[in-house]
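**Student:** Mind having a look at this structure? Questions to follow.
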Amino acid sequence: MQASNPAMIATESAAISDSWLHRPWAGAMMRCIADPAADFDDAIAKDWPEWLPRDPARADSFIRMRLGSRLLRDQDRGASAIISAGHAPRTRLAFLPVSDAVRLMCLAAAWTGVPSLVGQLRNADVVAARSVLGEDAVAFAFDAALLPRPTAGLMSAIGASKLPTGPAELLHCAAAMFGLAMGCIPHALQVRLRLRSPASIWTVAANACRNGSAGEDAFHAMRRLVRKRMAPWSHWFD
């Protein structure tokens, strides 16, 4: 992208206000545009060249950017749509750092599966839940028991009407909730979500990105979880 004047950024034929540059999520948006392979799932790059060691390549931002451009193909055309999407608080969920976004999904999984998680008696079940959702999310389940339960409509929308019992099932339901919370996002941004690790979780989230009656409930749930357990990011959604 090239600046056409101090107040605007030119992308394709459209000029977009650069006011977003001063927002707290601007750096994450730029990384999403310019370095989409920073958190990509290794399984996506099935044709990785043998002559290029993977770890050094992953550590080199220039190589990551080139790889991201190859995977996306519409890098230039998608930038303006992603910038525009950043003006919607719901879409900003897509710009959370990947590790924090996955942690947020784990918290949502714990909130969704409170009845099954807090009732676990077998040590093997507790260990399995911790390995999938993390210690923090499992501990949060006891706090989440005091929160309002997800609405019936939201539980139905994420495929949890019949409460899942396994931690992997809960995490997939939470990924669907994350996608619903983002709503209908631009194709270029949806493609970027599908590159992320772990791909299985992000594919569920990307598939769920649509407008629907449960979307607002999903977003308010995610924002509540962010403010309760991930305060540094809460101002992104104001």
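Labels for the structure tokens follow display order: chains A, B, ..., residues from 1 in each chain, ligands from 1.
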Any chance you could tabulate, as a tab-separated table, the residues of range 65-103 of chain A at most 7 Å from range 35-52 of chain A with each one's nearest atom pair and distance in Å to one decimal, using only C-alpha atoms, in chain and rising number order?
**Tutor:**
residue	atom	partner	partner_atom	distance
A:Met65	CA	A:Asp35	CA	4.7
A:Leu67	CA	A:Ala37	CA	6.5
A:Gly68	CA	A:Ala37	CA	4.7
A:Val98	CA	A:Asp39	CA	6.9
**Student:** Residues as selected, N, CA, C and O atoms, written as a tab-separated table (two decimals), in the first residue's frame, can you do that?
**Tutor:**
chain	number	residue	atom	x	y	z
A	65	MET	N	6.42	-13.73	4.76
A	65	MET	CA	5.57	-12.86	3.96
A	65	MET	C	5.42	-13.40	2.53
A	65	MET	O	4.33	-13.38	1.96
A	67	LEU	N	5.75	-16.52	1.62
A	67	LEU	CA	4.95	-17.73	1.71
A	67	LEU	C	3.47	-17.37	1.88
A	67	LEU	O	2.60	-17.96	1.24
A	68	GLY	N	3.20	-16.40	2.73
A	68	GLY	CA	1.81	-15.96	2.92
A	68	GLY	C	1.21	-15.44	1.63
A	68	GLY	O	0.05	-15.71	1.32
A	98	VAL	N	-2.88	-15.07	17.67
A	98	VAL	CA	-3.41	-16.42	17.56
A	98	VAL	C	-3.41	-17.15	18.90
A	98	VAL	O	-4.38	-17.81	19.27
**Student:** Give me, as a Markdown table, the closest atom pair and its distance (Å, one decimal) for every residue of range 124-198 of chain A within a cut-off of 7 Å of range 77-90 of chain A, counting only C-alpha atoms, rows sorted by chain and rising number.
**Tutor:**
| residue | atom | partner | partner_atom | distance |
| --- | --- | --- | --- | --- |
| A:Ala181 | CA | A:Arg90 | CA | 6.3 |
| A:Met182 | CA | A:Arg90 | CA | 4.9 |
| A:Gly183 | CA | A:Arg90 | CA | 7.0 |
| A:Pro186 | CA | A:Ala81 | CA | 6.2 |
| A:Ala188 | CA | A:Gly78 | CA | 5.0 |
| A:Leu189 | CA | A:Ile82 | CA | 6.2 |
**Student:** Save out the residues we just selected, C-alpha atoms, as a PDB file, in the first residue's frame.
**Tutor:**
ATOM      1  CA  ALA A 181     -19.085 -13.761  17.061  1.00  0.00           C
ATOM      2  CA  MET A 182     -17.073 -12.359  14.129  1.00  0.00           C
ATOM      3  CA  GLY A 183     -20.096 -12.422  11.834  1.00  0.00           C
ATOM      4  CA  PRO A 186     -14.414 -10.563   4.011  1.00  0.00           C
ATOM      5  CA  ALA A 188      -9.568 -12.434   2.271  1.00  0.00           C
ATOM      6  CA  LEU A 189      -9.782 -12.430   6.061  1.00  0.00           C
TER       7      LEU A 189
END
**Student:** Could you list, as a list in words, every residue within 12 Å of Asp217 in chain A, counting only C-alpha atoms and ignoring same-chain residues fewer than 4 positions away?
**Tutor:**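 Close residues of Asp217 in chain A: Arg90, Pro148, Arg149, Pro150, Thr151, Ala152, Gly153, Leu154, Met155, Ala157, Ile158, Met177, Phe178, Gly179, Leu180, Ala181, Met182, Gly183, Asn211, Gly212, Ser213, Ala221, Met222, Arg223 and Arg224 of chain A.
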**Student:** For Val102 in chain A, find every residue with an atom within 10 Å (counting only C-alpha atoms), except residues of its own chain fewer than 5 positions away, and show them as a PyMOL selection string.
**Tutor:** chain A and resi 96-97+107-108+133+171+174-175+178+197-198+201-202
**Student:** Could you turn the residues from that selection into a file that holds all heavy atoms, as a compact mmCIF listing (two decimals), in the first residue's frame?
**Tutor:**
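For reference, result-v8.txt as written:
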# COMPACT_ATOMS: atom_id res chain seq x y z
N LEU A 96 -6.99 -10.72 17.04
CA LEU A 96 -6.34 -11.14 18.28
C LEU A 96 -5.13 -12.00 17.93
O LEU A 96 -5.18 -12.81 17.00
CB LEU A 96 -7.29 -11.97 19.13
CG LEU A 96 -8.28 -11.23 20.03
CD1 LEU A 96 -9.21 -12.22 20.71
CD2 LEU A 96 -7.56 -10.40 21.07
N PRO A 97 -4.02 -11.85 18.64
CA PRO A 97 -2.90 -12.77 18.42
C PRO A 97 -3.40 -14.21 18.52
O PRO A 97 -4.25 -14.53 19.34
CB PRO A 97 -1.94 -12.42 19.57
CG PRO A 97 -2.24 -10.99 19.87
CD PRO A 97 -3.72 -10.83 19.66
N LEU A 107 -11.45 -20.86 26.86
CA LEU A 107 -12.30 -20.33 27.92
C LEU A 107 -13.78 -20.47 27.55
O LEU A 107 -14.62 -20.83 28.40
CB LEU A 107 -11.97 -18.86 28.18
CG LEU A 107 -10.59 -18.55 28.76
CD1 LEU A 107 -10.36 -17.05 28.83
CD2 LEU A 107 -10.43 -19.17 30.15
N ALA A 108 -14.09 -20.20 26.29
CA ALA A 108 -15.47 -20.35 25.83
C ALA A 108 -15.90 -21.81 25.90
O ALA A 108 -17.06 -22.12 26.22
CB ALA A 108 -15.60 -19.83 24.40
N LEU A 133 -7.74 -28.22 26.73
CA LEU A 133 -8.21 -26.86 27.00
C LEU A 133 -7.21 -26.02 27.78
O LEU A 133 -7.30 -24.79 27.76
CB LEU A 133 -9.53 -26.91 27.77
CG LEU A 133 -10.67 -27.69 27.11
CD1 LEU A 133 -11.91 -27.67 28.00
CD2 LEU A 133 -11.00 -27.11 25.74
N LEU A 171 -14.18 -27.76 22.47
CA LEU A 171 -13.33 -26.77 21.80
C LEU A 171 -13.85 -26.46 20.41
O LEU A 171 -13.80 -25.31 19.96
CB LEU A 171 -11.89 -27.28 21.76
CG LEU A 171 -10.84 -26.29 21.23
CD1 LEU A 171 -10.90 -24.97 21.99
CD2 LEU A 171 -9.44 -26.90 21.34
N ALA A 174 -16.69 -24.15 20.80
CA ALA A 174 -16.20 -22.81 21.12
C ALA A 174 -15.64 -22.12 19.89
O ALA A 174 -15.80 -20.91 19.71
CB ALA A 174 -15.13 -22.89 22.20
N ALA A 175 -14.98 -22.88 19.00
CA ALA A 175 -14.48 -22.31 17.76
C ALA A 175 -15.64 -21.82 16.89
O ALA A 175 -15.55 -20.76 16.26
CB ALA A 175 -13.65 -23.34 17.00
N PHE A 178 -16.76 -18.60 18.30
CA PHE A 178 -15.82 -17.55 17.93
C PHE A 178 -16.13 -17.05 16.52
O PHE A 178 -16.15 -15.84 16.26
CB PHE A 178 -14.40 -18.11 18.00
CG PHE A 178 -13.31 -17.07 17.90
CD1 PHE A 178 -12.79 -16.48 19.03
CD2 PHE A 178 -12.79 -16.68 16.67
CE1 PHE A 178 -11.77 -15.53 18.95
CE2 PHE A 178 -11.78 -15.75 16.57
CZ PHE A 178 -11.28 -15.16 17.72
N SER A 197 -2.80 -21.99 12.95
CA SER A 197 -2.60 -23.23 13.71
C SER A 197 -3.33 -23.14 15.05
O SER A 197 -3.31 -22.10 15.70
CB SER A 197 -1.10 -23.43 13.96
OG SER A 197 -0.86 -24.56 14.73
N PRO A 198 -4.03 -24.24 15.43
CA PRO A 198 -4.21 -25.50 14.69
C PRO A 198 -5.31 -25.35 13.63
O PRO A 198 -6.38 -24.80 13.90
CB PRO A 198 -4.63 -26.49 15.77
CG PRO A 198 -5.29 -25.65 16.81
CD PRO A 198 -4.59 -24.32 16.79
N ILE A 201 -9.11 -26.28 14.28
CA ILE A 201 -9.93 -25.36 15.07
C ILE A 201 -10.29 -24.13 14.25
O ILE A 201 -11.44 -23.67 14.24
CB ILE A 201 -9.18 -24.95 16.35
CG1 ILE A 201 -8.91 -26.18 17.22
CG2 ILE A 201 -9.95 -23.89 17.12
CD1 ILE A 201 -10.15 -26.92 17.64
N TRP A 202 -9.31 -23.58 13.53
CA TRP A 202 -9.56 -22.36 12.77
C TRP A 202 -10.46 -22.61 11.58
O TRP A 202 -11.18 -21.70 11.15
CB TRP A 202 -8.23 -21.73 12.35
CG TRP A 202 -7.58 -21.03 13.49
CD1 TRP A 202 -6.54 -21.47 14.25
CD2 TRP A 202 -7.98 -19.78 14.06
NE1 TRP A 202 -6.25 -20.56 15.24
CE2 TRP A 202 -7.12 -19.51 15.14
CE3 TRP A 202 -8.98 -18.85 13.76
CZ2 TRP A 202 -7.23 -18.37 15.93
CZ3 TRP A 202 -9.09 -17.70 14.53
CH2 TRP A 202 -8.22 -17.47 15.60
**Student:** Here is a test: counting only C-alpha atoms, which residue of A:Phe237, A:Glu169, A:Ser116, A:Trp111 is nearest to Arg23 in chain A?
**Tutor:**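 Answer, going by the shortest atom-to-atom distance: A:Phe237.
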**Student:** As number ranges by chain, please: every residue in range 29-225 of chain A that DSSP puts in helix (DSSP H, G or I).
**Tutor:** A: 29-34, 42-44, 54-59, 61-72, 75-85, 91-95, 98-112, 114-118, 123-133, 135-144, 152-157, 167-182, 187-195, 199-207, 215-225
**Student:** Tell me which protein, DNA and RNA residues are within 10 Å of Ser234 in chain A, counting only C-alpha atoms, leaving out same-chain ones fewer than 5 positions away, and put them as a PyMOL selection string.
**Tutor:** chain A and resi 223-229
**Student:** Ranking A:Cys106, A:Ala205, A:Pro167, A:Ala144 by minimum distance to Val126 in chain A and counting only C-alpha atoms, which one comes first?
**Tutor:**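 Of A:Cys106, A:Ala205, A:Pro167, A:Ala144, the one nearest Val126 in chain A, counting only C-alpha atoms, is A:Pro167.
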**Student:** Grab the CA of Gly27 in chain A to CA of Ser61 in chain A distance for me, in Å with one decimal place.
**Tutor:**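 Distance between the two atoms: 15.0 Å.
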**Student:** List as a PyMOL selection string the protein and nucleic acid residues near Asp143 in chain A, meaning an atom at most 10 Å away when only C-alpha atoms are counted, but skip any in the same chain fewer than 3 places from it.
**Tutor:** chain A and resi 110-111+114+118+137-140+146-147
**Student:** Can you work out which one of A:Phe95, A:Trp233, A:Trp25, A:Phe142 has the shortest atom-to-atom distance to Leu117 in chain A, counting only C-alpha atoms?
**Tutor:**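 Going through A:Phe95, A:Trp233, A:Trp25, A:Phe142 one by one, the smallest distance to Leu117 in chain A is for A:Phe142.
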**Student:** Could you tell me how far CA of Ala141 in chain A sits from CA of His220 in chain A, in Å to one decimal place?
**Tutor:** 18.2 Å
**Student:** Provide the CA of Cys184 in chain A to CA of Glu216 in chain A distance in Å, to one decimal place.
**Tutor:**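 One can read the CA of Cys184 in chain A to CA of Glu216 in chain A distance as 11.8 Å.
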**Student:** Report as a VMD selection string: the residues of range 2-165 of chain A with a DSSP assignment of strand (DSSP E), based on the backbone of this structure.
**Tutor:** chain A and resid 2 to 5 8 to 11 14 to 17
**Student:** Take the selection from the previous step and output its residues with C-alpha atoms, as a CSV table (one decimal), in the first residue's frame.
**Tutor:**
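This went into selection_2.csv:
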chain,number,residue,atom,x,y,z
A,2,GLN,CA,1.2,3.5,-0.8
A,3,ALA,CA,0.1,6.7,1.0
A,4,SER,CA,-1.6,9.1,-1.3
A,5,ASN,CA,-1.5,11.9,1.2
A,8,MET,CA,-5.5,8.7,3.3
A,9,ILE,CA,-4.1,5.3,2.3
A,10,ALA,CA,-4.7,4.2,-1.3
A,11,THR,CA,-5.6,0.6,-1.9
A,14,ALA,CA,-10.3,3.2,-3.3
A,15,ALA,CA,-8.9,5.6,-0.8
A,16,ILE,CA,-9.4,4.5,2.9
A,17,SER,CA,-9.1,6.7,5.9
